[in-house]
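my_file34.cif follows; it contains mmCIF, C-alpha atoms.
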data_query
#
loop_
_atom_site.label_atom_id
_atom_site.label_comp_id
_atom_site.auth_asym_id
_atom_site.auth_seq_id
_atom_site.Cartn_x
_atom_site.Cartn_y
_atom_site.Cartn_z
CA MET A 291 0.00 0.00 0.00
CA ASN A 292 2.76 2.44 0.96
CA SER A 293 4.73 1.50 -2.13
CA ASN A 294 1.76 2.13 -4.38
CA THR A 295 1.01 5.46 -2.71
CA SER A 296 4.62 6.59 -3.07
CA HIS A 297 4.63 5.54 -6.70
CA LYS A 298 1.41 7.42 -7.36
CA ASN A 299 2.51 10.52 -5.51
CA TYR A 300 5.75 10.65 -7.45
CA HIS A 301 4.03 10.51 -10.81
CA SER A 302 1.11 12.87 -10.21
CA PHE A 303 -0.20 15.77 -8.16
CA ILE A 304 -3.71 16.61 -7.01
CA LEU A 305 -4.78 20.17 -7.79
CA THR A 306 -7.10 22.11 -5.49
CA GLY A 307 -10.14 23.99 -6.76
CA ILE A 308 -12.28 25.54 -4.02
CA PRO A 309 -10.64 24.36 -0.77
CA GLY A 310 -12.91 22.20 1.34
CA MET A 311 -15.77 22.44 -1.15
CA PRO A 312 -14.91 20.31 -4.20
CA ASP A 313 -18.62 19.94 -4.96
CA LYS A 314 -18.74 23.71 -5.62
CA ASN A 315 -16.03 23.61 -8.29
CA PRO A 316 -18.51 23.61 -11.21
CA TRP A 317 -19.80 27.00 -9.99
CA MET A 318 -16.42 28.49 -10.89
CA ALA A 319 -16.45 27.09 -14.43
CA PHE A 320 -18.47 29.84 -16.09
CA PRO A 321 -16.87 32.85 -14.31
CA LEU A 322 -13.43 31.50 -15.20
CA GLY A 323 -14.53 30.81 -18.77
CA PHE A 324 -15.80 34.40 -18.96
CA LEU A 325 -12.45 35.76 -17.70
CA TYR A 326 -10.46 33.69 -20.20
CA THR A 327 -12.75 34.86 -23.00
CA LEU A 328 -12.28 38.49 -21.95
CA THR A 329 -8.51 37.96 -21.87
CA VAL A 330 -8.39 36.62 -25.43
CA LEU A 331 -10.86 39.17 -26.83
CA GLY A 332 -9.30 42.16 -25.04
CA ASN A 333 -5.70 41.41 -25.89
CA GLY A 334 -6.64 40.25 -29.39
CA THR A 335 -8.39 43.59 -29.94
CA ILE A 336 -5.24 45.47 -28.85
CA LEU A 337 -3.12 43.45 -31.29
CA ALA A 338 -5.60 43.95 -34.16
CA VAL A 339 -5.96 47.70 -33.58
CA VAL A 340 -2.20 48.28 -33.40
CA LYS A 341 -1.74 46.30 -36.61
CA VAL A 342 -4.30 48.23 -38.70
CA GLU A 343 -3.87 51.72 -37.19
CA GLN A 344 -0.84 53.39 -38.80
CA SER A 345 -0.62 56.07 -36.09
CA LEU A 346 0.07 53.32 -33.54
CA HIS A 347 3.17 52.01 -35.31
CA GLU A 348 5.42 53.46 -32.61
CA PRO A 349 7.76 51.84 -30.03
CA MET A 350 5.28 52.27 -27.17
CA TYR A 351 2.63 50.24 -28.96
CA TYR A 352 5.07 47.55 -30.09
CA PHE A 353 5.88 46.96 -26.43
CA LEU A 354 2.14 46.97 -25.70
CA CYS A 355 1.68 44.19 -28.28
CA ILE A 356 4.38 42.11 -26.57
CA LEU A 357 2.61 42.70 -23.24
CA ALA A 358 -0.70 41.55 -24.77
CA LEU A 359 0.91 38.40 -26.22
CA THR A 360 2.54 37.66 -22.86
CA ASP A 361 -0.77 38.10 -21.02
CA VAL A 362 -2.53 35.69 -23.38
CA SER A 363 0.33 33.17 -23.08
CA LEU A 364 0.29 33.37 -19.28
CA SER A 365 -3.46 32.76 -19.24
CA ILE A 366 -3.20 29.84 -21.65
CA SER A 367 -0.53 28.32 -19.39
CA THR A 368 -3.08 27.99 -16.57
CA LEU A 369 -5.99 26.99 -18.80
CA PRO A 370 -5.44 23.18 -18.99
CA SER A 371 -5.46 22.65 -15.22
CA MET A 372 -8.33 25.11 -14.72
CA LEU A 373 -10.42 23.23 -17.28
CA SER A 374 -9.45 19.90 -15.73
CA ILE A 375 -10.68 20.92 -12.27
CA PHE A 376 -13.61 23.25 -12.84
CA TRP A 377 -15.07 21.89 -16.08
CA PHE A 378 -14.25 18.17 -16.00
CA ASN A 379 -13.76 17.60 -12.25
CA VAL A 380 -10.42 15.85 -12.81
CA PRO A 381 -8.02 17.27 -10.21
CA GLU A 382 -5.13 14.88 -10.89
CA ILE A 383 -2.30 16.14 -13.10
CA PRO A 384 0.67 14.01 -14.24
CA PHE A 385 4.02 15.01 -12.77
CA ASN A 386 5.60 15.95 -16.12
CA ALA A 387 2.54 17.98 -17.14
CA CYS A 388 2.72 19.83 -13.82
CA VAL A 389 6.42 20.62 -14.30
CA THR A 390 5.76 21.83 -17.85
CA GLN A 391 2.97 24.13 -16.68
CA MET A 392 5.22 25.36 -13.87
CA PHE A 393 7.92 26.26 -16.39
CA PHE A 394 5.58 28.29 -18.59
CA ILE A 395 3.81 30.09 -15.72
CA HIS A 396 7.06 31.21 -14.12
CA GLY A 397 8.63 31.92 -17.51
CA PHE A 398 5.87 34.18 -18.78
CA GLY A 399 5.70 35.87 -15.36
CA VAL A 400 9.37 36.86 -15.70
CA VAL A 401 8.76 37.93 -19.32
CA GLU A 402 5.88 40.18 -18.27
CA SER A 403 8.02 41.82 -15.61
CA GLY A 404 10.75 42.42 -18.21
CA VAL A 405 8.26 43.91 -20.68
CA LEU A 406 7.04 46.33 -18.00
CA VAL A 407 10.67 47.43 -17.47
CA SER A 408 11.03 47.93 -21.24
CA MET A 409 7.89 50.06 -21.29
CA ALA A 410 9.24 52.16 -18.42
CA PHE A 411 12.41 52.76 -20.46
CA ASP A 412 10.22 53.67 -23.44
CA ARG A 413 8.32 56.30 -21.38
CA PHE A 414 11.60 57.67 -19.99
CA VAL A 415 13.05 58.20 -23.49
CA ALA A 416 9.78 59.67 -24.80
CA ILE A 417 9.64 62.29 -22.02
CA ARG A 418 13.37 62.93 -21.56
CA ASP A 419 14.25 63.25 -25.26
CA PRO A 420 11.02 63.42 -27.33
CA LEU A 421 12.69 64.78 -30.48
CA ARG A 422 14.98 61.74 -30.74
CA TYR A 423 12.43 59.22 -29.43
CA VAL A 424 11.93 57.34 -32.72
CA SER A 425 15.60 57.54 -33.70
CA ILE A 426 16.69 56.07 -30.34
CA LEU A 427 14.07 53.33 -30.08
CA THR A 428 14.57 51.87 -33.56
CA HIS A 429 13.06 48.58 -34.67
CA GLY A 430 16.46 46.97 -34.23
CA LEU A 431 16.81 48.13 -30.63
CA ILE A 432 13.24 47.10 -29.79
CA GLY A 433 13.94 43.64 -31.24
CA LYS A 434 17.11 43.32 -29.16
CA ILE A 435 15.30 44.42 -25.98
CA ILE A 436 12.54 41.85 -26.49
CA LEU A 437 15.12 39.16 -27.29
CA VAL A 438 16.95 39.93 -24.02
CA VAL A 439 13.66 39.86 -22.08
CA PHE A 440 12.77 36.38 -23.39
CA ALA A 441 16.35 35.07 -23.11
CA ARG A 442 16.55 36.19 -19.49
CA ALA A 443 13.26 34.44 -18.65
CA LEU A 444 14.42 31.24 -20.35
CA CYS A 445 17.78 31.25 -18.55
CA VAL A 446 16.41 31.83 -15.04
CA VAL A 447 13.45 29.42 -15.33
CA PHE A 448 15.24 26.66 -17.27
CA PRO A 449 16.75 25.03 -14.11
CA VAL A 450 13.37 24.87 -12.31
CA PRO A 451 12.10 21.60 -13.89
CA PHE A 452 15.40 19.87 -13.09
CA LEU A 453 15.39 21.15 -9.50
CA ILE A 454 11.86 19.82 -8.99
CA LYS A 455 12.47 16.49 -10.75
CA ARG A 456 15.37 15.62 -8.44
CA LEU A 457 13.07 15.78 -5.37
CA PRO A 458 11.30 12.67 -4.05
CA PHE A 459 7.58 13.11 -3.27
CA CYS A 460 6.55 10.41 -0.82
CA ARG A 461 4.14 12.28 1.47
CA SER A 462 1.12 14.28 0.35
CA ASN A 463 0.77 15.14 -3.33
CA VAL A 464 -2.03 17.70 -2.89
CA LEU A 465 -1.13 21.15 -4.21
CA SER A 466 -2.62 24.35 -2.79
CA HIS A 467 -3.79 25.85 -6.08
CA SER A 468 -5.50 24.91 -9.31
CA TYR A 469 -2.22 25.19 -11.20
CA CYS A 470 1.41 24.22 -10.57
CA LEU A 471 3.96 26.55 -8.97
CA HIS A 472 7.53 25.74 -8.00
CA GLN A 473 7.16 26.91 -4.39
CA ASP A 474 3.90 24.99 -3.97
CA ALA A 475 5.24 21.66 -5.27
CA MET A 476 8.56 22.10 -3.46
CA ARG A 477 6.93 22.10 -0.01
CA LEU A 478 5.57 18.56 -0.64
CA ALA A 479 9.03 17.01 -1.02
CA CYS A 480 10.18 14.58 1.67
CA THR A 481 13.78 15.72 1.57
CA SER A 482 15.71 18.96 2.00
CA THR A 483 14.60 21.72 -0.40
CA ARG A 484 17.32 24.18 0.57
CA VAL A 485 18.72 24.38 -2.97
CA ASN A 486 15.27 24.98 -4.46
CA SER A 487 14.43 27.63 -1.87
CA LEU A 488 17.74 29.44 -2.34
CA TYR A 489 17.49 29.38 -6.12
CA GLY A 490 13.88 30.60 -6.03
CA LEU A 491 14.85 33.47 -3.71
CA ILE A 492 17.77 34.49 -5.94
CA VAL A 493 15.57 34.43 -9.05
CA VAL A 494 12.88 36.58 -7.41
CA ILE A 495 15.43 39.13 -6.18
CA LEU A 496 17.33 39.33 -9.50
CA THR A 497 14.22 39.47 -11.71
CA LEU A 498 11.02 40.75 -10.10
CA GLY A 499 12.80 42.63 -7.30
CA LEU A 500 15.39 44.23 -9.57
CA ASP A 501 12.74 45.04 -12.19
CA ALA A 502 10.61 46.82 -9.59
CA LEU A 503 13.60 48.94 -8.53
CA ILE A 504 14.43 49.82 -12.15
CA ILE A 505 10.82 50.86 -12.82
CA LEU A 506 10.78 52.96 -9.64
CA PHE A 507 14.10 54.61 -10.58
CA SER A 508 12.79 55.28 -14.12
CA TYR A 509 9.77 57.09 -12.75
CA ILE A 510 11.90 59.13 -10.36
CA LEU A 511 13.87 60.34 -13.41
CA ILE A 512 10.64 60.86 -15.36
CA LEU A 513 9.13 62.90 -12.52
CA LYS A 514 12.32 64.97 -12.27
CA THR A 515 12.14 65.69 -16.01
CA VAL A 516 8.42 66.53 -15.90
CA LEU A 517 8.88 68.95 -13.01
CA GLY A 518 11.44 70.79 -15.14
CA ILE A 519 8.84 71.50 -17.83
CA ALA A 520 7.65 75.11 -17.57
CA SER A 521 4.10 74.68 -18.88
CA ARG A 522 1.59 73.05 -16.51
CA ALA A 523 -0.40 71.75 -19.47
CA GLU A 524 2.71 70.08 -20.92
CA ARG A 525 3.53 68.54 -17.54
CA LEU A 526 0.06 67.02 -17.30
CA LYS A 527 0.25 65.79 -20.90
CA ALA A 528 3.61 64.11 -20.23
CA LEU A 529 2.35 62.43 -17.06
CA ASN A 530 -0.83 61.31 -18.80
CA THR A 531 1.21 59.27 -21.28
CA CYS A 532 2.54 57.25 -18.32
CA LEU A 533 -0.79 56.50 -16.61
CA SER A 534 -1.56 53.35 -18.58
CA HIS A 535 1.87 51.90 -17.87
CA ILE A 536 1.64 52.81 -14.17
CA CYS A 537 -1.71 50.99 -13.99
CA ALA A 538 -0.20 47.92 -15.71
CA VAL A 539 2.70 47.92 -13.23
CA LEU A 540 0.31 48.16 -10.26
CA LEU A 541 -1.92 45.41 -11.68
CA PHE A 542 1.09 43.12 -11.92
CA TYR A 543 2.95 43.89 -8.69
CA ILE A 544 0.13 44.51 -6.17
CA PRO A 545 -1.48 41.02 -6.61
CA LEU A 546 2.04 39.51 -6.67
CA ILE A 547 3.00 41.21 -3.40
CA GLY A 548 -0.39 40.38 -1.88
CA THR A 549 -0.07 36.70 -2.82
CA THR A 550 3.48 36.56 -1.45
CA MET A 551 2.49 38.22 1.85
CA ILE A 552 -0.48 35.89 2.32
CA HIS A 553 1.69 32.87 1.49
CA ARG A 554 4.36 33.94 4.01
CA PHE A 555 2.32 35.46 6.85
CA GLY A 556 -1.30 34.47 6.27
CA LYS A 557 -1.24 30.82 7.27
CA HIS A 558 -4.09 31.54 9.72
CA LEU A 559 -6.31 32.84 6.90
CA SER A 560 -8.97 30.75 5.19
CA PRO A 561 -7.67 28.51 2.35
CA ILE A 562 -10.31 30.18 0.16
CA MET A 563 -8.47 33.50 0.61
CA HIS A 564 -5.23 31.84 -0.55
CA MET A 565 -7.06 30.41 -3.58
CA PHE A 566 -8.68 33.76 -4.37
CA MET A 567 -5.42 35.75 -4.24
CA ALA A 568 -3.52 33.13 -6.27
CA ASN A 569 -6.11 33.26 -9.05
CA ILE A 570 -6.30 37.07 -8.93
CA TYR A 571 -2.51 37.25 -9.39
CA LEU A 572 -2.63 35.29 -12.66
CA LEU A 573 -6.05 36.20 -14.09
CA LEU A 574 -6.58 39.89 -13.22
CA PRO A 575 -3.72 41.61 -15.16
CA PRO A 576 -4.47 39.88 -18.51
CA VAL A 577 -8.14 40.89 -18.21
CA LEU A 578 -7.65 44.49 -17.07
CA ASN A 579 -4.56 45.57 -19.05
CA PRO A 580 -6.43 45.79 -22.39
CA ILE A 581 -9.26 47.71 -20.70
CA VAL A 582 -6.81 50.19 -19.14
CA TYR A 583 -5.00 50.82 -22.41
CA SER A 584 -8.26 51.07 -24.36
CA VAL A 585 -9.65 53.67 -21.95
CA LYS A 586 -6.45 55.71 -21.55
CA THR A 587 -5.13 55.60 -25.15
CA LYS A 588 -7.11 57.88 -27.43
CA GLN A 589 -6.03 56.23 -30.70
CA ILE A 590 -6.98 52.74 -29.52
CA ARG A 591 -10.26 53.93 -28.04
CA ARG A 592 -11.16 55.83 -31.23
CA ARG A 593 -10.40 52.86 -33.47
CA ILE A 594 -12.50 50.47 -31.35
CA ILE A 595 -15.42 52.93 -31.41
CA GLN A 596 -15.10 53.21 -35.21
CA VAL A 597 -15.29 49.43 -35.56
CA PHE A 598 -18.43 49.20 -33.43
CA GLN A 599 -20.04 52.16 -35.21
CA GLY A 600 -19.25 50.59 -38.58
CA ARG A 601 -20.92 47.34 -37.56
CA LYS A 602 -23.94 49.26 -36.23
CA ASN A 603 -24.29 51.20 -39.49
CA ARG A 604 -24.03 48.02 -41.59
CA ALA A 605 -26.71 46.41 -39.40
#

Could I get this structure in the form of structure tokens?
Amino acid sequence: MNSNTSHKNYHSFILTGIPGMPDKNPWMAFPLGFLYTLTVLGNGTILAVVKVEQSLHEPMYYFLCILALTDVSLSISTLPSMLSIFWFNVPEIPFNACVTQMFFIHGFGVVESGVLVSMAFDRFVAIRDPLRYVSILTHGLIGKIILVVFARALCVVFPVPFLIKRLPFCRSNVLSHSYCLHQDAMRLACTSTRVNSLYGLIVVILTLGLDALIILFSYILILKTVLGIASRAERLKALNTCLSHICAVLLFYIPLIGTTMIHRFGKHLSPIMHMFMANIYLLLPPVLNPIVYSVKTKQIRRRIIQVFQGRKNRA
């Protein structure tokens, strides 16, 4: 019996839907389906509008397209396990499938953080040296920046599957969330996880932590530049171009910090709260980013309105 259990635990994990209420999982199916649909439609709309609108063929909007693609990819990474639990009531996930999902979730998370840093650099150049904005951020430089962002994510996340695969899982195989995370699976190992913990801490500090500091420093320089502008109207106009990016940064980092704080210090809280924050962290930014940019960017908003008006007139 023990041998069979160990064998099973090693080759699969059990995902958790609504903690303590597995019979309520189907109630989450349609809200989650709605959020995934909004993610695809919203980010797809951003990509389509930027492609057809010539006035949006600028560095800022190229970075926005990469952000939209990353958001969709991050959502798709969680989709298989979400469907398995909430639509088909199959909480078991094979070990290799769990590790693969883990790789993509962490990878696209690091990519998104890097894209937000790139967008902060874009806003800094646009406000600090607007006359040379296009000549500085050429297509070649943008391509190199995006290549570095993806290469960094690949390099730092590549060891994670190997670090997890070397661990024996001979106790519980029940994960805390409806998708696979390195820190969640690591705690189930029945041996020392010091190497995994240390590597995870180093990665967080050198990616998400460093990125947050770079973004903060960029906005300190931006604010210093804006305050040097004589005209109040020009100052407000310059700051307004940063609002969408600031919202995207807050949407990414606030749920991340909240999830981390609850994971570290909220062990007394209800498991439902842990589940809620974990899902908010991965599902909220991809849904809200397109809405923020559509509302705050006049060219995108105007083009979307034109499309809907055109359909209404044809009807």

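When only C-alpha atoms are used to measure the gap to Gly499 of chain A, the shortest distance among A:Tyr543, A:Leu325, A:Cys445, A:Arg413 belongs to A:Tyr543.
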
Would you list the contacts of Leu513 of chain A as number ranges by chain, taking every protein, DNA or RNA residue within 12 Å and counting all atoms listed in the file, but skipping same-chain residues closer than 5 positions in sequence?
-> A: 413-414, 417-418, 506-508, 518-519, 525-526, 528-530, 532

Correct to one decimal, the distance atom CA of Ile552 of chain A-atom CA of Asp474 of chain A is 13.3 Å

The PyMOL selection byres ((chain A and resi 486) around 9) resolved against shown file, as an NGL selection string = :A and (450 or 453-454 or 472-473 or 476 or 482-485 or 487-491)

Point-to-point distance in Å for atom CA of Phe542 of chain A and atom CA of Val407 of chain A | 11.9 Å

Given the file above and the PyMOL selection byres ((chain A and resi 410) around 10), which residues are selected, and can you give them as a list of chain:residue names?
-> A:Met350, A:Gly404, A:Val405, A:Leu406, A:Val407, A:Ser408, A:Met409, A:Phe411, A:Asp412, A:Arg413, A:Phe414, A:Val415, A:Ala416, A:Ile504, A:Ile505, A:Leu506, A:Phe507, A:Ser508, A:Tyr509, A:Ile512, A:Cys532, A:His535, A:Ile536, A:Val539

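Between atom CA of Val330 of chain A and atom CA of Val362 of chain A the separation is 6.3 Å.
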
Might you pull out every residue within 8 Å of Val577 of chain A, with only C-alpha atoms counted and same-chain residues fewer than 4 positions away left off, and present them as number ranges by chain?
-> A: 325-326, 328-329, 332, 573, 581
